[in-house]
>>> print(open('my_file21.txt').read())   # compact mmCIF, C-alpha atoms
# COMPACT_ATOMS: atom_id res chain seq x y z
CA MET A 1 36.32 23.02 53.65
CA ILE A 2 35.09 21.28 50.52
CA ARG A 3 34.75 22.99 47.15
CA ILE A 4 33.61 21.65 43.79
CA GLN A 5 34.26 24.20 41.08
CA GLU A 6 35.02 24.78 37.40
CA ALA A 7 37.44 27.59 38.18
CA ASP A 8 41.15 27.13 38.73
CA PHE A 9 42.70 27.83 42.15
CA ASP A 10 45.94 29.18 43.57
CA LEU A 11 47.80 26.75 45.83
CA SER A 12 49.60 29.43 47.89
CA THR A 13 46.41 31.38 48.55
CA GLU A 14 44.52 28.24 49.55
CA ILE A 15 47.26 27.06 51.92
CA ALA A 16 47.56 30.52 53.46
CA ASN A 17 43.81 30.62 54.15
CA LEU A 18 43.79 27.08 55.50
CA ARG A 19 46.31 27.79 58.28
CA LYS A 20 45.51 31.45 58.87
CA GLY A 21 45.06 32.33 62.55
CA ASP A 22 45.74 28.79 63.84
CA LEU A 23 48.88 29.04 65.97
CA GLN A 24 48.79 25.29 66.77
CA VAL A 25 49.68 24.41 63.19
CA GLY A 26 53.23 23.17 62.76
CA ALA A 27 52.76 21.14 59.57
CA VAL A 28 50.91 21.56 56.30
CA VAL A 29 50.79 18.74 53.74
CA SER A 30 49.12 19.15 50.38
CA PHE A 31 48.57 16.98 47.33
CA LEU A 32 47.98 18.60 43.94
CA GLY A 33 46.68 16.42 41.11
CA THR A 34 47.18 17.61 37.51
CA VAL A 35 46.13 16.49 34.02
CA ARG A 36 48.68 14.42 32.08
CA ASP A 37 48.95 14.59 28.28
CA LEU A 38 49.30 10.84 27.84
CA ASN A 39 47.11 8.06 29.21
CA GLU A 40 46.92 4.39 28.19
CA GLY A 41 49.25 5.17 25.26
CA SER A 42 47.07 7.88 23.69
CA GLU A 43 47.62 11.60 23.56
CA VAL A 44 44.96 13.38 25.58
CA HIS A 45 43.82 16.67 24.01
CA SER A 46 41.34 17.60 26.72
CA MET A 47 39.09 16.00 29.30
CA THR A 48 35.78 16.61 30.97
CA LEU A 49 35.10 15.91 34.63
CA GLU A 50 31.54 14.84 35.43
CA HIS A 51 30.25 14.46 38.99
CA TYR A 52 27.11 13.71 40.99
CA PRO A 53 26.11 17.00 42.66
CA GLY A 54 24.88 16.32 46.19
CA MET A 55 26.53 12.93 46.53
CA THR A 56 29.95 14.41 45.78
CA GLU A 57 29.75 16.75 48.77
CA LYS A 58 28.41 13.97 51.03
CA ALA A 59 31.19 11.59 50.00
CA LEU A 60 33.91 14.19 50.56
CA GLU A 61 32.44 15.17 53.95
CA ALA A 62 32.55 11.49 54.94
CA ILE A 63 36.21 11.37 53.90
CA VAL A 64 37.03 14.40 56.05
CA SER A 65 35.12 12.96 59.05
CA GLN A 66 37.04 9.70 58.83
CA ALA A 67 40.38 11.47 58.59
CA LYS A 68 39.54 13.65 61.60
CA ALA A 69 38.44 10.63 63.61
CA ARG A 70 41.64 8.80 62.79
CA TRP A 71 44.36 11.44 63.11
CA ASP A 72 44.92 14.46 65.31
CA ILE A 73 44.66 17.07 62.56
CA ARG A 74 43.65 20.73 62.66
CA ASN A 75 42.03 21.65 59.36
CA THR A 76 41.38 20.17 55.92
CA LEU A 77 40.70 21.44 52.43
CA ILE A 78 39.49 19.55 49.37
CA ILE A 79 39.07 21.36 46.06
CA HIS A 80 38.01 19.29 43.05
CA ARG A 81 37.50 20.84 39.65
CA VAL A 82 34.75 19.73 37.24
CA GLY A 83 33.95 20.55 33.62
CA PRO A 84 36.45 20.93 30.77
CA LEU A 85 40.18 20.58 31.55
CA LYS A 86 43.33 20.30 29.47
CA PRO A 87 46.79 18.81 30.01
CA GLU A 88 48.80 20.63 32.68
CA ASP A 89 45.65 21.93 34.41
CA GLN A 90 45.21 21.47 38.15
CA ILE A 91 42.39 19.00 38.95
CA VAL A 92 42.40 18.37 42.67
CA LEU A 93 43.88 19.74 45.87
CA VAL A 94 43.83 17.96 49.21
CA ALA A 95 45.52 19.81 52.07
CA VAL A 96 45.78 19.07 55.79
CA THR A 97 47.18 21.03 58.71
CA SER A 98 48.32 19.53 62.02
CA ALA A 99 50.66 20.21 64.91
CA HIS A 100 53.21 17.65 63.69
CA ARG A 101 54.01 16.31 60.21
CA ALA A 102 53.24 12.59 60.65
CA GLU A 103 49.49 13.15 61.10
CA ALA A 104 49.26 15.58 58.17
CA PHE A 105 51.20 13.27 55.82
CA ALA A 106 49.07 10.24 56.71
CA ALA A 107 45.73 12.06 56.65
CA CYS A 108 46.47 13.70 53.28
CA GLU A 109 47.40 10.40 51.65
CA PHE A 110 44.38 8.66 53.20
CA MET A 111 41.99 11.37 51.98
CA MET A 112 43.40 11.22 48.47
CA ASP A 113 43.24 7.40 48.32
CA TYR A 114 39.68 7.49 49.65
CA LEU A 115 38.65 10.20 47.18
CA LYS A 116 39.98 8.13 44.27
CA THR A 117 37.70 5.20 45.10
CA ALA A 118 34.63 6.73 46.77
CA ALA A 119 33.93 10.22 45.43
CA PRO A 120 31.58 10.26 42.40
CA PHE A 121 33.74 11.89 39.72
CA TRP A 122 34.25 10.52 36.22
CA LYS A 123 36.83 11.57 33.62
CA LYS A 124 36.16 11.52 29.90
CA GLU A 125 39.23 12.05 27.74
CA GLU A 126 39.27 13.46 24.22
CA THR A 127 42.02 11.78 22.18
CA ALA A 128 42.85 11.62 18.45
CA GLU A 129 40.76 8.40 18.38
CA GLY A 130 37.73 10.17 19.88
CA GLY A 131 36.18 10.45 23.35
CA ARG A 132 36.62 7.70 25.94
CA TRP A 133 35.66 7.29 29.58
CA VAL A 134 38.66 6.59 31.78
CA ASP A 135 38.65 3.13 33.39
CA ALA A 136 38.97 2.82 37.14
CA ARG A 137 42.38 1.51 38.22
CA VAL A 138 42.84 -1.62 40.30
CA THR A 139 45.86 0.11 41.90
CA ASP A 140 43.52 2.75 43.36
CA ASP A 141 41.44 0.06 45.07
CA ALA A 142 44.64 -1.51 46.39
CA ALA A 143 45.81 1.87 47.71
CA MET A 144 42.53 2.31 49.59
CA ALA A 145 42.61 -1.26 50.93
CA ARG A 146 45.91 -0.57 52.72
CA TRP A 147 44.13 1.80 55.10
CA LYS A 148 41.66 -0.89 56.17
CA LYS A 149 44.39 -3.18 57.53
CA THR A 150 45.88 -0.70 59.95
CA MET B 1 6.66 2.87 45.19
CA LYS B 2 8.14 5.95 43.55
CA ILE B 3 11.85 6.02 42.72
CA GLN B 4 14.01 8.77 41.27
CA LEU B 5 16.60 7.22 38.94
CA ARG B 6 19.94 8.87 38.12
CA PHE B 7 22.57 7.72 35.63
CA PHE B 8 26.10 9.04 35.24
CA ALA B 9 29.10 8.98 32.90
CA ALA B 10 29.24 6.08 30.40
CA LEU B 11 25.91 4.66 31.65
CA ARG B 12 24.17 7.99 31.10
CA GLU B 13 25.56 8.24 27.57
CA LYS B 14 24.75 4.65 26.59
CA LEU B 15 21.18 4.78 27.94
CA GLY B 16 20.59 8.34 26.75
CA VAL B 17 18.99 9.18 30.12
CA SER B 18 20.36 11.21 33.01
CA GLN B 19 17.35 11.05 35.29
CA GLU B 20 13.87 9.64 35.39
CA SER B 21 11.00 9.23 37.88
CA ILE B 22 9.36 5.81 37.90
CA ASP B 23 6.64 4.01 39.80
CA ILE B 24 7.70 0.44 40.49
CA PRO B 25 5.62 -2.64 41.47
CA ASP B 26 5.54 -3.71 45.13
CA GLU B 27 7.58 -6.86 44.50
CA ILE B 28 10.68 -4.74 43.70
CA LYS B 29 12.37 -4.66 47.10
CA THR B 30 16.08 -4.08 46.51
CA ILE B 31 18.40 -2.26 44.10
CA ASP B 32 19.18 -5.66 42.49
CA ASP B 33 15.44 -6.18 41.91
CA LEU B 34 15.21 -2.70 40.41
CA LYS B 35 18.15 -3.39 38.10
CA ASN B 36 16.53 -6.63 36.88
CA TYR B 37 13.24 -4.79 36.40
CA LEU B 38 14.95 -2.11 34.25
CA CYS B 39 16.78 -4.78 32.23
CA LYS B 40 13.40 -6.05 30.98
CA ARG B 41 12.81 -2.77 29.12
CA ASN B 42 14.88 -3.81 26.09
CA THR B 43 18.25 -5.24 25.03
CA LEU B 44 20.01 -1.88 25.37
CA TRP B 45 19.07 -1.68 29.06
CA SER B 46 19.98 -5.30 29.74
CA GLU B 47 23.33 -4.90 27.96
CA VAL B 48 24.20 -1.71 29.84
CA LEU B 49 22.97 -2.77 33.30
CA ALA B 50 23.67 -6.50 33.21
CA GLY B 51 26.63 -6.71 30.82
CA ASN B 52 30.30 -7.28 31.68
CA GLN B 53 30.93 -3.77 32.94
CA VAL B 54 31.15 -3.22 36.68
CA ILE B 55 28.34 -0.99 37.92
CA ARG B 56 28.24 0.85 41.23
CA CYS B 57 25.08 2.17 42.83
CA ALA B 58 24.04 4.76 45.37
CA LEU B 59 20.89 5.06 47.48
CA ASN B 60 19.99 8.61 48.49
CA GLN B 61 23.46 9.77 47.45
CA VAL B 62 25.43 7.23 49.49
CA MET B 63 27.29 4.39 47.76
CA VAL B 64 25.75 1.05 48.78
CA ASP B 65 25.75 -2.64 47.93
CA SER B 66 23.15 -3.59 45.30
CA SER B 67 21.41 -5.88 47.81
CA THR B 68 20.28 -2.78 49.75
CA ALA B 69 16.51 -2.38 50.27
CA LEU B 70 14.62 0.42 48.53
CA SER B 71 12.26 2.87 50.20
CA ASP B 72 9.49 5.05 48.79
CA GLY B 73 10.78 8.28 47.29
CA ALA B 74 14.38 7.08 47.22
CA GLU B 75 16.95 8.39 44.77
CA VAL B 76 18.83 5.51 43.15
CA ALA B 77 21.88 6.16 41.01
CA PHE B 78 23.80 3.79 38.73
CA PHE B 79 27.30 4.63 37.51
CA PRO B 80 30.69 3.13 36.56
CA PRO B 81 33.51 2.87 39.14
CA VAL B 82 34.67 6.41 39.94
CA THR B 83 37.73 7.99 38.27
CA GLY B 84 38.25 11.35 39.97
CA GLY B 85 41.35 12.83 41.50
>>> encode(input="my_file21.txt", output="structure tokens")
Amino acid sequence: MIRIQEADFDLSTEIANLRKGDLQVGAVVSFLGTVRDLNEGSEVHSMTLEHYPGMTEKALEAIVSQAKARWDIRNTLIIHRVGPLKPEDQIVLVAVTSAHRAEAFAACEFMMDYLKTAAPFWKKEETAEGGRWVDARVTDDAAMARWKKT
Amino acid sequence: MKIQLRFFAALREKLGVSQESIDIPDEIKTIDDLKNYLCKRNTLWSEVLAGNQVIRCALNQVMVDSSTALSDGAEVAFFPPVTGG
């Protein structure tokens, strides 16, 4: 399942729903991304997440399809929040269920690396010096590139 | 050919436009051609679209290379490298 929403979410509830009724599940791996209060040396007071409605869902569906084609996994969940956020808030959840842990670990990391470089979200931070759009990180591209070699 | 333009994040703010419908001449075949065509509007457009900043593009909501061919009624989006997650 893929959800783009302004509202917060509860990790335990989401995980419970993801594996509910599937007796083949022996492993659940989740990644939770949260807002930091410091970025590039400036204190971040708040941030706003912008996205491209329509393309966002397509891009995330493509990520899920690739993960399912690559690993033997049972179910996936991606929740990405948009709109105003503040330090400590939850931003993103990627969760994967599988029979055994190796597939779930790999698929979860792959989906998160892919999301970072291919899903159309943009962060704008409000700092004491004013608003600024966050720059894309070269390390994110490098993280994604690792998956192309194997 | 009719094209629906979309702009996001820093590009949207700098250009002051989030979306726009335009009718482009027949000689505009690719997204690169379209970008060059838009740059001719004024210095703001040429600075934003052809400056030092890396720009990504999408055709009908799928990220593509800027050499990709356009088609009538297509939605073309320009935006900075993504920073979600």
>>> residues_near_point(input="my_file21.txt", point="(27.5, 19.9, 37.7)", cutoff="10 Å", atoms="only C-alpha atoms", output="ChimeraX atom specification")
/A:4-6,49-54,82-83
>>> closest_atom_pairs(input="my_file21.txt", of="chain A", to="chain B", cutoff="8 Å", atoms="all atoms listed in the file", output="CSV")
residue,atom,partner,partner_atom,distance
A:Gly33,CA,B:Gly85,CA,6.4
A:Leu49,CA,B:Gly84,CA,7.7
A:Glu50,CA,B:Ala9,CA,6.8
A:His51,CA,B:Phe8,CA,7.8
A:Tyr52,CA,B:Phe8,CA,7.5
A:Gly54,CA,B:Gln61,CA,6.8
A:Met55,CA,B:Gln61,CA,4.5
A:Lys58,CA,B:Gln61,CA,7.4
A:Ala59,CA,B:Val62,CA,7.2
A:His80,CA,B:Gly85,CA,7.4
A:Ile91,CA,B:Gly85,CA,6.8
A:Val92,CA,B:Gly85,CA,5.8
A:Met112,CA,B:Gly85,CA,7.4
A:Leu115,CA,B:Gly85,CA,6.8
A:Lys116,CA,B:Gly85,CA,5.6
A:Thr117,CA,B:Val82,CA,6.1
A:Ala118,CA,B:Val82,CA,6.8
A:Ala119,CA,B:Val82,CA,6.7
A:Pro120,CA,B:Val82,CA,5.5
A:Phe121,CA,B:Gly84,CA,4.5
A:Trp122,CA,B:Thr83,CA,4.8
A:Lys123,CA,B:Thr83,CA,5.9
A:Trp133,CA,B:Ala10,CA,6.6
A:Val134,CA,B:Thr83,CA,6.7
A:Asp135,CA,B:Thr83,CA,6.9
A:Ala136,CA,B:Thr83,CA,5.4
A:Arg137,CA,B:Thr83,CA,8.0
>>> residues_around(input="my_file21.txt", residues="B:Leu38", least_positions_apart="6", cutoff="10 Å", atoms="only C-alpha atoms", output="list in words")
Ile24, Asp32, Trp45, Ser46, Leu49 and Ala50 of chain B
>>> residues_near_point(input="my_file21.txt", point="(35.5, 17.6, 46.4)", cutoff="6 Å", atoms="all atoms listed in the file", output="VMD selection string")
chain A and resid 2 to 4 60 78 to 80
>>> atom_distance(input="my_file21.txt", atom1="atom CA of B:Asp65", atom2="atom CA of B:Gln19")
20.4 Å
>>> closest_residue(input="my_file21.txt", among="A:Thr48, A:Ser42, A:Ser30, A:Gln24", to="A:Asp89", atoms="only C-alpha atoms")
A:Thr48
>>> axis_aligned_box(input="my_file21.txt", around="stretch 62-76 of chain B", padding_each_side="6 Å", output="AutoDock Vina command-line options")
--center_x 18.4 --center_y 1.3 --center_z 46.7 --size_x 29.8 --size_y 26.3 --size_z 19.1
>>> atom_distance(input="my_file21.txt", atom1="atom CA of A:Phe110", atom2="atom CA of A:Ser65")
11.8 Å
>>> closest_residue(input="my_file21.txt", among="B:Glu75, B:Gly51, B:Asp33, B:Thr68", to="B:Glu20", atoms="all atoms listed in the file")
B:Glu75
>>> atom_distance(input="my_file21.txt", atom1="atom CA of B:Leu70", atom2="atom CA of B:Tyr37")
13.3 Å
>>> closest_residue(input="my_file21.txt", among="A:Asp113, A:Asp37, A:Glu43, A:Glu57", to="A:Met1", atoms="all atoms listed in the file")
A:Glu57
